[in-house]
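Read the structure below first, then the notes.
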Amino acid sequence: MGGEPVAKTYKLNPLDAAWLMVESTDTPMHVGSLTIFSLPKNASPDFLRDTVASLRQHRNFAPPFNLKLVSPKLKGVLPAWIEDHKIDLDYHFRHSALPAPGGERELGVLISRLHSHPLDFNRPLWECHLIEGLENNRFALYVKMHHSQVDGVGGMKMLERMLSSDPEATDRLPPWAVGRGGGSARPRAVKAPLAERLKSLALAQAETLPGVIKALGEVVSETFNQTDPAHAAPFVAPKSILNRKIGGQRRFATQYYELERIRRIAKAAEVTVNDVFLELCSGALRRYLDEIQALPNAPLTAGVPVSVRPADDGDSGNAISFIIANLNTHLADPLKRLKAIQESTNIAKDKLQALPKAGINNYTMVFMAPYILSLLTGLGGRTRPMFNVTISNVPGPREHLYFNGARLEQMYPISLLSHGQALNITVVSYAGQFNVGFTGCRDTLPHMQRLATYMAESLEELERAVEKQQHKRRKVV
């Protein structure tokens with residue numbers, strides 16, 4: 001028989017649902033990616049026009065691009081996804097062009113504006129923008145999606161499935177036709193009636209209650225009985241300009257380096273690449289805040305998302321936990337700052353790794369509960385912050401990738417902000433690059449773009465300090 005297919009519904013895990021609960025006009029909870037491509041050699045003048053026309057022909061939508069909320073008005077009460085069989089592709093996929101000269105500044109202005117607009121909760125929660133007019137025969141693809149449907153690692157996996165390592169491949173599909181893939185990627189269908197779902201949820205919570213109480217006790221103990229200065233506990237961060245109420249408008253800035261530069265420092269200093277990244281963020285923030293006379297005497301702390309996703313898991317939901325790192329912004333010496341950061345991250349990672357896998361989700365929910373509660377109650381940006389800034393490192397593809405012959409030159413992450421968290425710094429590695437995206441509140445942080453410049457100068461300063469240390473060691477030997 002004819003007629004429309006039956007729409008299935010899918011339930012959300014608690015962490016995914018939390019991102020829906022805290023959505024507001026000033027704090028839209030979507031994340032994005034900016035990928036920059038160069039036109040293929042000998043591309044015809046109509047390459048981009050033909051590409052857009054070809055993409056519009058793909059009307060098959062893979063999860064999560066085909067999912068919308070069952071009830072947008074009740075998104076905070078047992079939210080669930082339902083398959084949408086009437087997706088308006090002309091709304092979700094948009095073609096734009098930059099004003100001349102199409103440089104980094106013009107692209108940054110456009111992305112800042114696009115990322116400031118909330119998603120429409122009556123539709124599937126994503127948009128895709130193809131942007132032409134970049135100088136040097138380049139174009140960009142900006143994709144944004146609600147954080148309840150994707151985290152950094154999940155988003156990177158979707159992007160990799162859309163691209164190819166073969167520059168001759170011309171059969172690549174748009175992101176909405178690729179989705180999250182198969183296997184474990186499939187969301188779990190909601191089959192039980194509401195009453196049974198409530199009962200099941202209550203029983204599940206009861207079973208995990210002892211572990212939750214223990215984890216909560218540890219969080220409280222860390223906050224009120226901190227004895228190790230290297231251990232960055234929740235809610236001991238100083239108040240700063242980064243932790244005020246925010247508005248809905250965003251600024252976006254970028255910076256990129258050769259990954260090998262970061263690795264050389266990490267090897268020489270006997271730290272991790274992520275420790276070096278945290279030090280660069282610390283150095284840039286220290287100078288930026290000092291310049292505007294807003295550097296706290298106490299060291300800033302960073303909330304650092306940690307992926308707990310199995311390597312073979314294609315699910316695009318959230319599979320992350322968090323640690324808090326002491327950025328040691330009170331230290332002027334970059335090497336001392338780097339070693340102090342390493343000590344702090346080692347303590348935090350050891351604690352997380354000691355948890356059983358089954359307990360990580362509970363720990364994460366308990367750990368983040370005060371933060372989520374502060375947003376729901378309107379206290380975000382009014383009380384002492386859980387941490388000062390979110391800093392994230394997402395591993396990306398190691399080889400050069402292509403989209404229908406167009407080479408992917410760079411990729412940048414664009415993140416979300418919330419009251420009390422006016423800045424996010426996220427890096428993505430790609431084909432030997434270290435690409436950093438700065439997402440900030442336009443109204444809270446004056447001249448935020450300077451952070452990108454100061455990070456570059458912090459890298460040069462750290463390189464000199466490491467080289468000087470190595471020179472001293474060689475003289476001693």
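How things are named: the first chain in the structure tokens is A, the next is B, and so on; residues count from 1 in each chain; ligands count from 1 in the order shown.
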Practice problem: Please identify all polymer residues within 7 Å of Arg442 (chain A), counting only C-alpha atoms, omitting same-chain residues fewer than 4 positions from it, and present them as number ranges by chain. | Solution: A: 249-251
Quiz prompt | Shell around region 369-377 of chain A at 10 Å using only C-alpha atoms, local window under 3 positions removed, as a list in words | solution = Leu15, Ala18, Trp19, Met21, Val22, Glu23, Ser24, Thr27, Leu216, Pro234, Phe235, Tyr363, Thr364, Met365, Val366, Gly380, Gly381, Arg382, Thr383, Pro385, Met386, Phe387, Ser418, His419 and Gly420 of chain A
Mind writing the picked residues with C-alpha atoms as a PDB file, in the first residue's frame?
```
ATOM      1  CA  LEU A  15      24.199  14.030  28.493  1.00  0.00           C
ATOM      2  CA  ALA A  18      21.281  18.190  28.857  1.00  0.00           C
ATOM      3  CA  TRP A  19      22.447  20.221  25.850  1.00  0.00           C
ATOM      4  CA  MET A  21      17.744  21.660  28.319  1.00  0.00           C
ATOM      5  CA  VAL A  22      20.193  24.566  28.564  1.00  0.00           C
ATOM      6  CA  GLU A  23      19.469  25.985  25.088  1.00  0.00           C
ATOM      7  CA  SER A  24      18.489  29.668  25.143  1.00  0.00           C
ATOM      8  CA  THR A  27      23.335  30.354  24.586  1.00  0.00           C
ATOM      9  CA  LEU A 216      29.472  13.385  44.230  1.00  0.00           C
ATOM     10  CA  PRO A 234      35.806  22.296  40.559  1.00  0.00           C
ATOM     11  CA  PHE A 235      34.695  25.774  41.657  1.00  0.00           C
ATOM     12  CA  TYR A 363      30.737  10.438  36.933  1.00  0.00           C
ATOM     13  CA  THR A 364      30.378  12.811  33.993  1.00  0.00           C
ATOM     14  CA  MET A 365      26.743  13.575  34.750  1.00  0.00           C
ATOM     15  CA  VAL A 366      27.477  14.190  38.432  1.00  0.00           C
ATOM     16  CA  GLY A 380      25.585  30.950  35.223  1.00  0.00           C
ATOM     17  CA  GLY A 381      27.870  33.969  35.017  1.00  0.00           C
ATOM     18  CA  ARG A 382      26.754  35.190  38.439  1.00  0.00           C
ATOM     19  CA  THR A 383      28.568  32.773  40.747  1.00  0.00           C
ATOM     20  CA  PRO A 385      32.771  29.395  37.786  1.00  0.00           C
ATOM     21  CA  MET A 386      33.324  25.640  37.807  1.00  0.00           C
ATOM     22  CA  PHE A 387      36.340  26.405  35.584  1.00  0.00           C
ATOM     23  CA  SER A 418      27.280  29.479  27.824  1.00  0.00           C
ATOM     24  CA  HIS A 419      26.687  31.933  30.652  1.00  0.00           C
ATOM     25  CA  GLY A 420      29.870  31.919  32.700  1.00  0.00           C
TER      26      GLY A 420
END
```
Quiz item: Nearest to Leu134 (chain A): which of A:Glu279, A:Glu104, A:Glu467, A:Asp350 is it, counting only C-alpha atoms?
Solution: A:Glu104
Exercise. Report as a ChimeraX atom specification: the residues of region 326-458 of chain A with a DSSP assignment of alpha helix (DSSP H), based on the backbone of this structure.
Key: /A:334-353,357-376,450-458
Quiz item: Nearest to Arg286 (chain A) among A:Ala422, A:Ala253, A:Ile246, A:Leu327, with distances taken over only C-alpha atoms: which residue is it?
Solution: A:Leu327
Practice problem: For Asp120 (chain A), list every protein, DNA or RNA residue within 10 Å, evaluated using only C-alpha atoms, and leave out those in the same chain fewer than 4 positions away; present the list as a ChimeraX atom specification. | Solution: /A:68,72,124-127
Write to file, as a PDB file, in the first residue's frame, the residues of the selection just made, with C-alpha atoms.
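File written: selection30.pdb
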```
ATOM      1  CA  LYS A  68      13.980  16.260  14.675  1.00  0.00           C
ATOM      2  CA  PRO A  72      10.319  21.167  20.617  1.00  0.00           C
ATOM      3  CA  PRO A 124      16.242  18.756  12.015  1.00  0.00           C
ATOM      4  CA  LEU A 125      18.956  20.592  13.918  1.00  0.00           C
ATOM      5  CA  TRP A 126      21.580  21.276  11.242  1.00  0.00           C
ATOM      6  CA  GLU A 127      22.625  23.667   8.486  1.00  0.00           C
TER       7      GLU A 127
END
```
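The protein and nucleic acid residues lying at most 10 Å from Ala43 (chain A) are Leu48, Asn137, Gly405 and Ala406 of chain A, with only C-alpha atoms considered and sequence neighbours fewer than 5 positions away removed.
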How about saving the chosen residues, N, CA and C atoms kept, as a CSV table (one decimal), in the first residue's frame?
```
chain,number,residue,atom,x,y,z
A,48,LEU,N,31.9,25.2,-9.1
A,48,LEU,CA,31.1,25.4,-7.8
A,48,LEU,C,29.6,25.4,-8.1
A,137,ASN,N,41.6,30.9,-5.3
A,137,ASN,CA,40.8,29.8,-5.8
A,137,ASN,C,40.3,28.8,-4.8
A,405,GLY,N,37.5,15.9,-5.9
A,405,GLY,CA,38.7,16.5,-6.5
A,405,GLY,C,39.2,17.8,-5.9
A,406,ALA,N,38.4,18.4,-5.0
A,406,ALA,CA,38.8,19.6,-4.3
A,406,ALA,C,39.6,19.3,-3.1
```
Quiz item: Can you list, as a list in words, every residue of region 266-340 of chain A that DSSP puts in strand (DSSP E)?
Solution: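 Result set for region 266-340 of chain A (strand (DSSP E)): Thr301, Ala302, Gly303, Val304, Pro305, Val306, Ser307, Ile320, Ser321, Phe322, Ile323, Ile324, Ala325 and Asn326 of chain A.
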Could you take the residues named above and write them with C-alpha atoms, as a CSV table (one decimal), in the first residue's frame?
```csv
chain,number,residue,atom,x,y,z
A,301,THR,CA,41.6,26.6,35.2
A,302,ALA,CA,40.4,24.9,32.1
A,303,GLY,CA,37.6,22.3,31.6
A,304,VAL,CA,39.1,19.8,29.1
A,305,PRO,CA,36.7,17.4,27.4
A,306,VAL,CA,38.1,13.8,27.1
A,307,SER,CA,36.7,11.4,24.5
A,320,ILE,CA,32.8,12.5,26.5
A,321,SER,CA,33.9,13.1,30.0
A,322,PHE,CA,35.8,16.1,31.5
A,323,ILE,CA,38.9,16.9,33.5
A,324,ILE,CA,39.9,20.2,35.0
A,325,ALA,CA,43.5,21.4,34.4
A,326,ASN,CA,45.3,24.2,36.2
```
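Proximity of A:Thr444, A:Ser282, A:Thr25, A:Thr329 to Ser116 (chain A), computed with only C-alpha atoms, is greatest for A:Thr25.
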Quiz item: Quick one: distance from CA of Ala140 (chain A) to CA of Leu67 (chain A) in Å, one decimal?
Solution: 25.3 Å
Exercise. Find the residue from A:Leu331, A:Met158, A:Leu69, A:Ala233 that sits nearest to Pro296 (chain A); use only C-alpha atoms when measuring.
Key: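 Once distances to Pro296 (chain A) are computed over only C-alpha atoms, the minimum belongs to A:Leu331.
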Self-check item: For CA of Ser71 (chain A) and CA of Thr9 (chain A), the interatomic separation in Å (one decimal)
Solution: 11.3 Å
Quiz prompt | Glu460 (chain A) surroundings by only C-alpha atoms, 12 Å radius, close-in-sequence under 5 positions cut, as a PyMOL selection string | solution = chain A and resi 257+261-262+265+280+283-284+334+453-455+465-467
Write out the residues from the selection above, keeping C-alpha atoms, as a PDB file, in the first residue's frame.
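Result file part-v6.pdb:
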```pdb
ATOM      1  CA  TYR A 257      50.750  25.806  12.955  1.00  0.00           C
ATOM      2  CA  ARG A 261      56.524  22.241  15.754  1.00  0.00           C
ATOM      3  CA  ILE A 262      54.227  21.221  18.604  1.00  0.00           C
ATOM      4  CA  ILE A 265      58.458  20.895  21.873  1.00  0.00           C
ATOM      5  CA  LEU A 280      49.994  28.013  24.527  1.00  0.00           C
ATOM      6  CA  GLY A 283      50.351  32.096  27.618  1.00  0.00           C
ATOM      7  CA  ALA A 284      47.909  33.748  25.226  1.00  0.00           C
ATOM      8  CA  PRO A 334      56.747  29.366  29.936  1.00  0.00           C
ATOM      9  CA  THR A 453      48.131  36.538  17.600  1.00  0.00           C
ATOM     10  CA  TYR A 454      49.246  36.070  21.205  1.00  0.00           C
ATOM     11  CA  MET A 455      49.102  32.286  20.891  1.00  0.00           C
ATOM     12  CA  ALA A 465      62.785  28.550  26.130  1.00  0.00           C
ATOM     13  CA  VAL A 466      63.001  24.871  25.190  1.00  0.00           C
ATOM     14  CA  GLU A 467      65.961  25.502  22.872  1.00  0.00           C
TER      15      GLU A 467
END
```
Self-check item: Of the listed residues A:Leu451, A:Thr345, A:Ala17, A:Asp84, that which approaches Asn328 (chain A) most closely, counting only C-alpha atoms
Solution: A:Thr345
Practice problem: Quick one: pull the distance between CA of Gln255 (chain A) and CA of Ile292 (chain A), Å, one decimal. | Solution: 21.3 Å
Exercise. Would you kindly return, as number ranges by chain, each protein, DNA or RNA residue with an atom no farther than 7 Å from any atom of Trp176 (chain A), considering only C-alpha atoms and excluding same-chain residues fewer than 4 positions away?
Key: A: 61-62, 65
Kindly export the residues of the current selection with N, CA and C atoms, as a CSV table (one decimal), in the first residue's frame.
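This is the output file selection.csv:
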```
chain,number,residue,atom,x,y,z
A,61,PHE,N,18.5,11.3,3.4
A,61,PHE,CA,19.0,11.9,4.6
A,61,PHE,C,19.3,10.8,5.7
A,62,ALA,N,20.6,10.7,6.1
A,62,ALA,CA,21.0,9.7,7.0
A,62,ALA,C,21.0,10.3,8.4
A,65,PHE,N,20.9,13.6,10.5
A,65,PHE,CA,20.4,14.7,9.6
A,65,PHE,C,18.9,14.5,9.3
```
